[in-house]
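In what follows, a single structure is set out as structure tokens and then discussed.
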Amino acid sequence: MRKINSLLITLLMSTSIMAQNPFLSTPKTPHGTFPFNELKNEHFMPALQEGIRQHNAEIEAIVNNPDAPTFDNTIVALERSGMLYTKVLTVFYALESAETNDGMQKLSLEFSPMITEHSNSIMLNEHLFNRIQAVYEQRDKLKLNTEERMLLQKTYDSFARNGAALPADKKERYKELSKELDLASLQFAQNALQEMNGYSLLITDPAVLSGIPENVLAAAKKSAEEAGKEGWLLDLRATCYTPVMTYADNRDLRREIWMAFNTQCMEGSSYDNRELIRTIINNRLEIAKLLGYSNYAEYTLRDRMAENPDNVYNLLNQLLDAYTDKAKEEVAEVQAYADSHGGYFKIQPWDFSYYSEKLKNEKFDLNEEMLKPYFELEHVKNGVFGLAGKLYGLKFTKNEKIPVYHDEVEAYEVTDANGKYLAVLYTDFHPRKGKRAGAWMTEYKAQYKDEKGRDSRPHITIVMNFTRPTDDKPALLTFDEAETFLHEFGHALHGMLSKGTYASISGTNVYRDFVELPSQIMENWATETEWLNEYAVHYQTGEKMPAELVQKIIDASNFNCGYLCLRQLGFGLQDMAYHTITTPFNGDVLEMERTSTAKANVLPDVPATGRCTTFSHIFAGGYAAGYYGYKWAEVLDADAFSVFKKNGIYDKKTATSFRKNILEKGGSEHPMTLYKRFRGQEPTIDALLLRNGIEVKK
């Protein structure tokens, strides 16, 4: 009897714990937003396990359906399966980037093999694939609309490209490789974060810090105090690293910080990523070959606008040809400036930003410190929200009843011109120890229509690492940070304005080299006088930015555009080099980086340094064989914005066309079809060259 009671008590306790799990109950929050205030680390694993169990049951129901396979009972049923599983992973990985902790990092290592195994159990399910294939083979006879045809094509391709058609022995090898790849990519990202978080440089002599802006020094002082030290504690986060490289008068300090940044996760580090890079690219190569491709880029680019490696290299080489002379002229100009101001040395990478900034100041009488008082975060936010209002009729209302995952995060209800609810937008602006570097947009809930046709609206978040406020100043952004805000907000618009039926092809679920168009086009407004005049006011006086300062921003907008273009092309060339190998790579990853980027490198090479060991975009993110997409999208955004320039930057007809043909459509049609519907033609690089003041070669 005691044994029975003990089992009953255990069962009741287990049921109680599950009932308290926020993933396993319907949230009583505005718009069904996730109850972050109730979430604990211990909720993730049981929720994931339950999500896997439910998903497996749903897959079994599809496979065992006695009826002949149809679009609805197979493709749509599969699309709508795994809701809990997706929810758990969406929340977990969004938080793992924005607000991680030791417990979550441990969980992510435990999750990785579980997720890979579960994904493989579905993707390599022969009976499920047979049903999908049966529907796919009937596609020309089915009366499907454009969106349904795209879902069918994407579903079939995702299975075929993930090993569903492989023989049994190759399926097993595919499983092994994908599991190893996921773990290696995860470890790569964690190593990069740990290495960055683990570095600090204590400065006790204020003279060493000459030139560094006050707000950066205030933050460094505060970091030292929190660490129980006297002085200023510098680190490798962008909010410290970038201003040190740009403003620090002490060349030895610049060199020390630059070397620390560019030797992360290399030989001698506890977080050495070099072997992981070899594992990642070789596993990707073997996966591609298993699936019948000669290299990983060929495999990846099948569902990109670029379509194949030749087209990628064609773009990169076109831009190299157009911008290299300009970049060399810019470096020579910076070298001459340094020489005339007592440099007497060949410009090194740790010198370029410093002397470039001084040259820009002299040429245009402009520097970041002059601009920052006009880019107070709240003003920028109101300006960006207001721009969305002018273009698309959107309104943003802060709602403090929506739970957030950190007290710095704010949540907004987004409504359209008629007051109709569209989305929830979370904003998270400042760096923290648990937040990875950079800026990004993601979602806690995608947009879709349920089985009754009801529109389930999205929950979107934009996360950045902007300069923090100090004790005596609000958060004052650099011009680059203001541009970054516009960029990520463009991604958010893509998610918030989605009007699709299926989550897997709604919002930002588009081809990787198309996803940056909605974000990068927004950056164009950053240098538009009409928009700057509306929000850029001095945080102390409330006075508008003077017209001459606005003009200086415009005049300086193309400063070093050649150098910056080649820098991006270097990353793209490096990415393609790693992913166009056709035989296993066991060489030196730093040498691979050096040789692949040589054509785009206009500064001296520094031995035993590089960026590959922290290049998370391609080794831990979704940009493998896709980093070129930033330049591809830049071509698109310049071409697309030329329509706004012609018709007016607030032109409602142009904005409505961009919204209906690009932002609302998600991945429901091929992106080139959508682009040509908006633009009326395929893009060329001419608009980008014109914007940058580069001569168009005929």
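Order determines the names: the first chain of the structure tokens is A, the second B, and so forth; residues in each chain are numbered 1 upward, and ligands are numbered 1 upward as they are shown.
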Pro469 in chain A surroundings by only C-alpha atoms, 12 Å radius, close-in-sequence under 3 positions cut, as a PyMOL selection string:
chain A and resi 214-219+222+239+376-378+408+429-431+466+472-477
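The shell of residues at most 12 Å from Leu144 in chain A, with only C-alpha atoms counted and near chain neighbours (fewer than 6 positions) removed, consists of Thr70, Phe71, Asp72, Val135, Tyr136, Gln138, Met150, Leu151, Leu152 and Gln153 of chain A.
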Write out as a list in words which residues come within 7 Å of range 89-105 of chain A when counting only C-alpha atoms, dropping same-chain ones fewer than 4 positions away.
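Skipping anything fewer than 4 positions along the chain leaves Asn41, Tyr85, Leu109, Gly434, Lys435, Arg436, Thr442 and Tyr444 of chain A.
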I need the helix (DSSP H, G or I) residues of range 543-672 of chain A per DSSP on the backbone, written as a PyMOL selection string.
chain A and resi 547-556+561-579+589-600+612-614+616-619+629-647+652-663+671-672
Quick one: of A:Ile581, A:Ala439, A:Leu387, A:Ile75, who's nearest to Leu285 in chain A, counting only C-alpha atoms?
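The answer is A:Ile581, which sits nearest to Leu285 in chain A.
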Neighbouring residues of range 62-66 of chain A were defined as those with any atom within 12 Å, considering only C-alpha atoms; residues of the same chain fewer than 6 positions away were excluded. Please report them as a PyMOL selection string.
chain A and resi 55-56+72-81+122+125-132
Pull C-alpha atoms from the residues just selected and write them as a PDB file, in the first residue's frame.
```pdb
ATOM      1  CA  HIS A  55       5.362  15.716 -32.739  1.00  0.00           C
ATOM      2  CA  ASN A  56       6.143  12.014 -33.149  1.00  0.00           C
ATOM      3  CA  ASP A  72      -4.168  18.539 -47.052  1.00  0.00           C
ATOM      4  CA  ASN A  73      -3.700  15.211 -45.240  1.00  0.00           C
ATOM      5  CA  THR A  74       0.052  15.097 -45.848  1.00  0.00           C
ATOM      6  CA  ILE A  75       1.661  18.458 -46.709  1.00  0.00           C
ATOM      7  CA  VAL A  76      -0.590  20.738 -44.637  1.00  0.00           C
ATOM      8  CA  ALA A  77      -0.790  18.201 -41.811  1.00  0.00           C
ATOM      9  CA  LEU A  78       3.008  18.085 -41.680  1.00  0.00           C
ATOM     10  CA  GLU A  79       3.231  21.886 -41.804  1.00  0.00           C
ATOM     11  CA  ARG A  80       0.912  22.205 -38.793  1.00  0.00           C
ATOM     12  CA  SER A  81       2.590  19.479 -36.756  1.00  0.00           C
ATOM     13  CA  ILE A 122      11.304  12.810 -39.546  1.00  0.00           C
ATOM     14  CA  ASN A 125      11.201   8.566 -42.442  1.00  0.00           C
ATOM     15  CA  GLU A 126      10.766   6.514 -45.596  1.00  0.00           C
ATOM     16  CA  HIS A 127       6.995   6.123 -45.268  1.00  0.00           C
ATOM     17  CA  LEU A 128       6.481   9.853 -44.698  1.00  0.00           C
ATOM     18  CA  PHE A 129       8.654  10.724 -47.682  1.00  0.00           C
ATOM     19  CA  ASN A 130       6.732   8.264 -49.854  1.00  0.00           C
ATOM     20  CA  ARG A 131       3.513  10.159 -49.068  1.00  0.00           C
ATOM     21  CA  ILE A 132       5.164  13.525 -49.761  1.00  0.00           C
TER      22      ILE A 132
END
```
Running DSSP on the backbone, which parts of range 284-402 of chain A land in strand (DSSP E), as a count of residues only?
4
Between CA of Asp455 in chain A and CA of Leu422 in chain A, what distance in Å does the model show, to one decimal?
9.7 Å
Env of Asn295 in chain A: 6 Å cut, atoms = only C-alpha atoms, seq-sep filter 4 positions within chain, self excluded. Answer as a PyMOL selection string.
chain A and resi 285+288+580+582
Please write the residues from the selection above to a file, keeping all heavy atoms, as a short mmCIF file (atom, residue, chain, number, x, y, z; two decimals), in the first residue's frame.
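Final output, selection_34.cif:
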```cif
data_model
loop_
_atom_site.label_atom_id
_atom_site.label_comp_id
_atom_site.auth_asym_id
_atom_site.auth_seq_id
_atom_site.Cartn_x
_atom_site.Cartn_y
_atom_site.Cartn_z
N LEU A 285 30.94 19.16 -46.51
CA LEU A 285 31.34 18.61 -47.81
C LEU A 285 30.84 17.19 -47.98
O LEU A 285 30.29 16.83 -49.03
CB LEU A 285 32.87 18.66 -47.95
CG LEU A 285 33.45 17.95 -49.18
CD1 LEU A 285 32.94 18.59 -50.47
CD2 LEU A 285 34.97 17.96 -49.14
N ALA A 288 27.14 17.12 -48.59
CA ALA A 288 26.83 17.54 -49.97
C ALA A 288 27.10 16.41 -50.95
O ALA A 288 26.30 16.16 -51.87
CB ALA A 288 27.66 18.78 -50.32
N THR A 580 33.56 25.72 -51.26
CA THR A 580 33.69 25.16 -52.62
C THR A 580 34.80 24.13 -52.70
O THR A 580 35.14 23.67 -53.80
CB THR A 580 33.94 26.29 -53.65
OG1 THR A 580 35.05 27.09 -53.23
CG2 THR A 580 32.71 27.15 -53.83
N THR A 582 36.37 20.57 -52.76
CA THR A 582 35.80 19.32 -53.28
C THR A 582 36.47 18.09 -52.69
O THR A 582 36.04 16.96 -52.94
CB THR A 582 35.91 19.27 -54.82
OG1 THR A 582 37.29 19.44 -55.19
CG2 THR A 582 35.07 20.36 -55.46
#
```
For the atom pair CA of His459 in chain A and CA of Lys40 in chain A, what is the interatomic distance in Å to one decimal place?
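Between these atoms lies a distance of 20.4 Å.
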Between A:Glu443, A:Asp325, A:Glu669, A:Glu357, which has the minimum distance to Ala600 in chain A (counting only C-alpha atoms)?
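That would be A:Asp325, the residue with the smallest distance to Ala600 in chain A.
Near Tyr628 in chain A, within a cut-off of 10 Å and counting only C-alpha atoms, sit the residues Ala306, Val312, Tyr313, Leu315, Leu316, Arg512, Asp513, Gln568, Leu569, Gly570, Phe571, Gly572, Leu573, Gln574, Asp575, Met576, Tyr623, Ala624, Ala625, Lys631, Trp632, Ala633 and Glu634 of chain A, with same-chain residues fewer than 3 positions away left out.
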CA of Leu177 in chain A to CA of Ile287 in chain A, distance in Å rounded to a single decimal
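CA of Leu177 in chain A sits 7.0 Å away from CA of Ile287 in chain A.
Between Val331 in chain A and the candidates A:Ser356, A:Thr673, A:Thr595, A:Thr461, the tightest atom-to-atom separation, counting only C-alpha atoms, involves A:Ser356.
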Would you mind listing what lies within 12 Å of Gly587 in chain A as a PyMOL selection string, with only C-alpha atoms counted and same-chain residues fewer than 4 positions away left out?
chain A and resi 274-275+277-279+281-282+578+581+583+591-593
Take the residues from that selection and write them out as a PDB file, in the first residue's frame, keeping N, CA, C and O atoms.
```pdb
ATOM      1  N   ARG A 274      39.961  26.208 -34.297  1.00  0.00           N
ATOM      2  CA  ARG A 274      40.516  25.827 -35.596  1.00  0.00           C
ATOM      3  C   ARG A 274      40.121  24.412 -36.020  1.00  0.00           C
ATOM      4  O   ARG A 274      39.735  24.179 -37.176  1.00  0.00           O
ATOM      5  N   GLU A 275      40.215  23.473 -35.106  1.00  0.00           N
ATOM      6  CA  GLU A 275      39.847  22.103 -35.459  1.00  0.00           C
ATOM      7  C   GLU A 275      38.348  21.987 -35.713  1.00  0.00           C
ATOM      8  O   GLU A 275      37.903  21.215 -36.581  1.00  0.00           O
ATOM      9  N   ILE A 277      36.533  24.247 -37.111  1.00  0.00           N
ATOM     10  CA  ILE A 277      36.303  24.725 -38.474  1.00  0.00           C
ATOM     11  C   ILE A 277      36.521  23.588 -39.468  1.00  0.00           C
ATOM     12  O   ILE A 277      35.708  23.370 -40.379  1.00  0.00           O
ATOM     13  N   ARG A 278      37.617  22.846 -39.286  1.00  0.00           N
ATOM     14  CA  ARG A 278      37.881  21.728 -40.197  1.00  0.00           C
ATOM     15  C   ARG A 278      36.773  20.684 -40.112  1.00  0.00           C
ATOM     16  O   ARG A 278      36.332  20.140 -41.134  1.00  0.00           O
ATOM     17  N   THR A 279      36.320  20.403 -38.910  1.00  0.00           N
ATOM     18  CA  THR A 279      35.222  19.440 -38.740  1.00  0.00           C
ATOM     19  C   THR A 279      33.965  19.918 -39.447  1.00  0.00           C
ATOM     20  O   THR A 279      33.304  19.155 -40.164  1.00  0.00           O
ATOM     21  N   ILE A 281      33.527  22.209 -41.960  1.00  0.00           N
ATOM     22  CA  ILE A 281      33.528  22.282 -43.432  1.00  0.00           C
ATOM     23  C   ILE A 281      33.661  20.902 -44.064  1.00  0.00           C
ATOM     24  O   ILE A 281      33.094  20.646 -45.127  1.00  0.00           O
ATOM     25  N   ASN A 282      34.370  19.986 -43.406  1.00  0.00           N
ATOM     26  CA  ASN A 282      34.492  18.639 -43.970  1.00  0.00           C
ATOM     27  C   ASN A 282      33.190  17.862 -43.832  1.00  0.00           C
ATOM     28  O   ASN A 282      32.827  17.083 -44.728  1.00  0.00           O
ATOM     29  N   TYR A 578      35.855  28.234 -48.304  1.00  0.00           N
ATOM     30  CA  TYR A 578      35.637  27.104 -47.401  1.00  0.00           C
ATOM     31  C   TYR A 578      34.605  26.136 -47.960  1.00  0.00           C
ATOM     32  O   TYR A 578      34.698  24.923 -47.748  1.00  0.00           O
ATOM     33  N   ILE A 581      35.361  23.748 -51.551  1.00  0.00           N
ATOM     34  CA  ILE A 581      36.338  22.652 -51.559  1.00  0.00           C
ATOM     35  C   ILE A 581      35.641  21.381 -52.047  1.00  0.00           C
ATOM     36  O   ILE A 581      34.464  21.165 -51.760  1.00  0.00           O
ATOM     37  N   THR A 583      37.526  18.312 -51.912  1.00  0.00           N
ATOM     38  CA  THR A 583      38.182  17.222 -51.177  1.00  0.00           C
ATOM     39  C   THR A 583      38.351  17.674 -49.735  1.00  0.00           C
ATOM     40  O   THR A 583      38.426  18.886 -49.461  1.00  0.00           O
ATOM     41  N   GLU A 591      45.732  30.185 -43.064  1.00  0.00           N
ATOM     42  CA  GLU A 591      46.307  30.308 -44.402  1.00  0.00           C
ATOM     43  C   GLU A 591      45.203  30.300 -45.456  1.00  0.00           C
ATOM     44  O   GLU A 591      45.266  31.031 -46.453  1.00  0.00           O
ATOM     45  N   MET A 592      44.174  29.479 -45.228  1.00  0.00           N
ATOM     46  CA  MET A 592      43.021  29.462 -46.122  1.00  0.00           C
ATOM     47  C   MET A 592      42.357  30.840 -46.157  1.00  0.00           C
ATOM     48  O   MET A 592      42.023  31.363 -47.231  1.00  0.00           O
ATOM     49  N   GLU A 593      42.216  31.440 -44.993  1.00  0.00           N
ATOM     50  CA  GLU A 593      41.628  32.775 -44.927  1.00  0.00           C
ATOM     51  C   GLU A 593      42.507  33.786 -45.672  1.00  0.00           C
ATOM     52  O   GLU A 593      42.013  34.611 -46.444  1.00  0.00           O
TER      53      GLU A 593
END
```
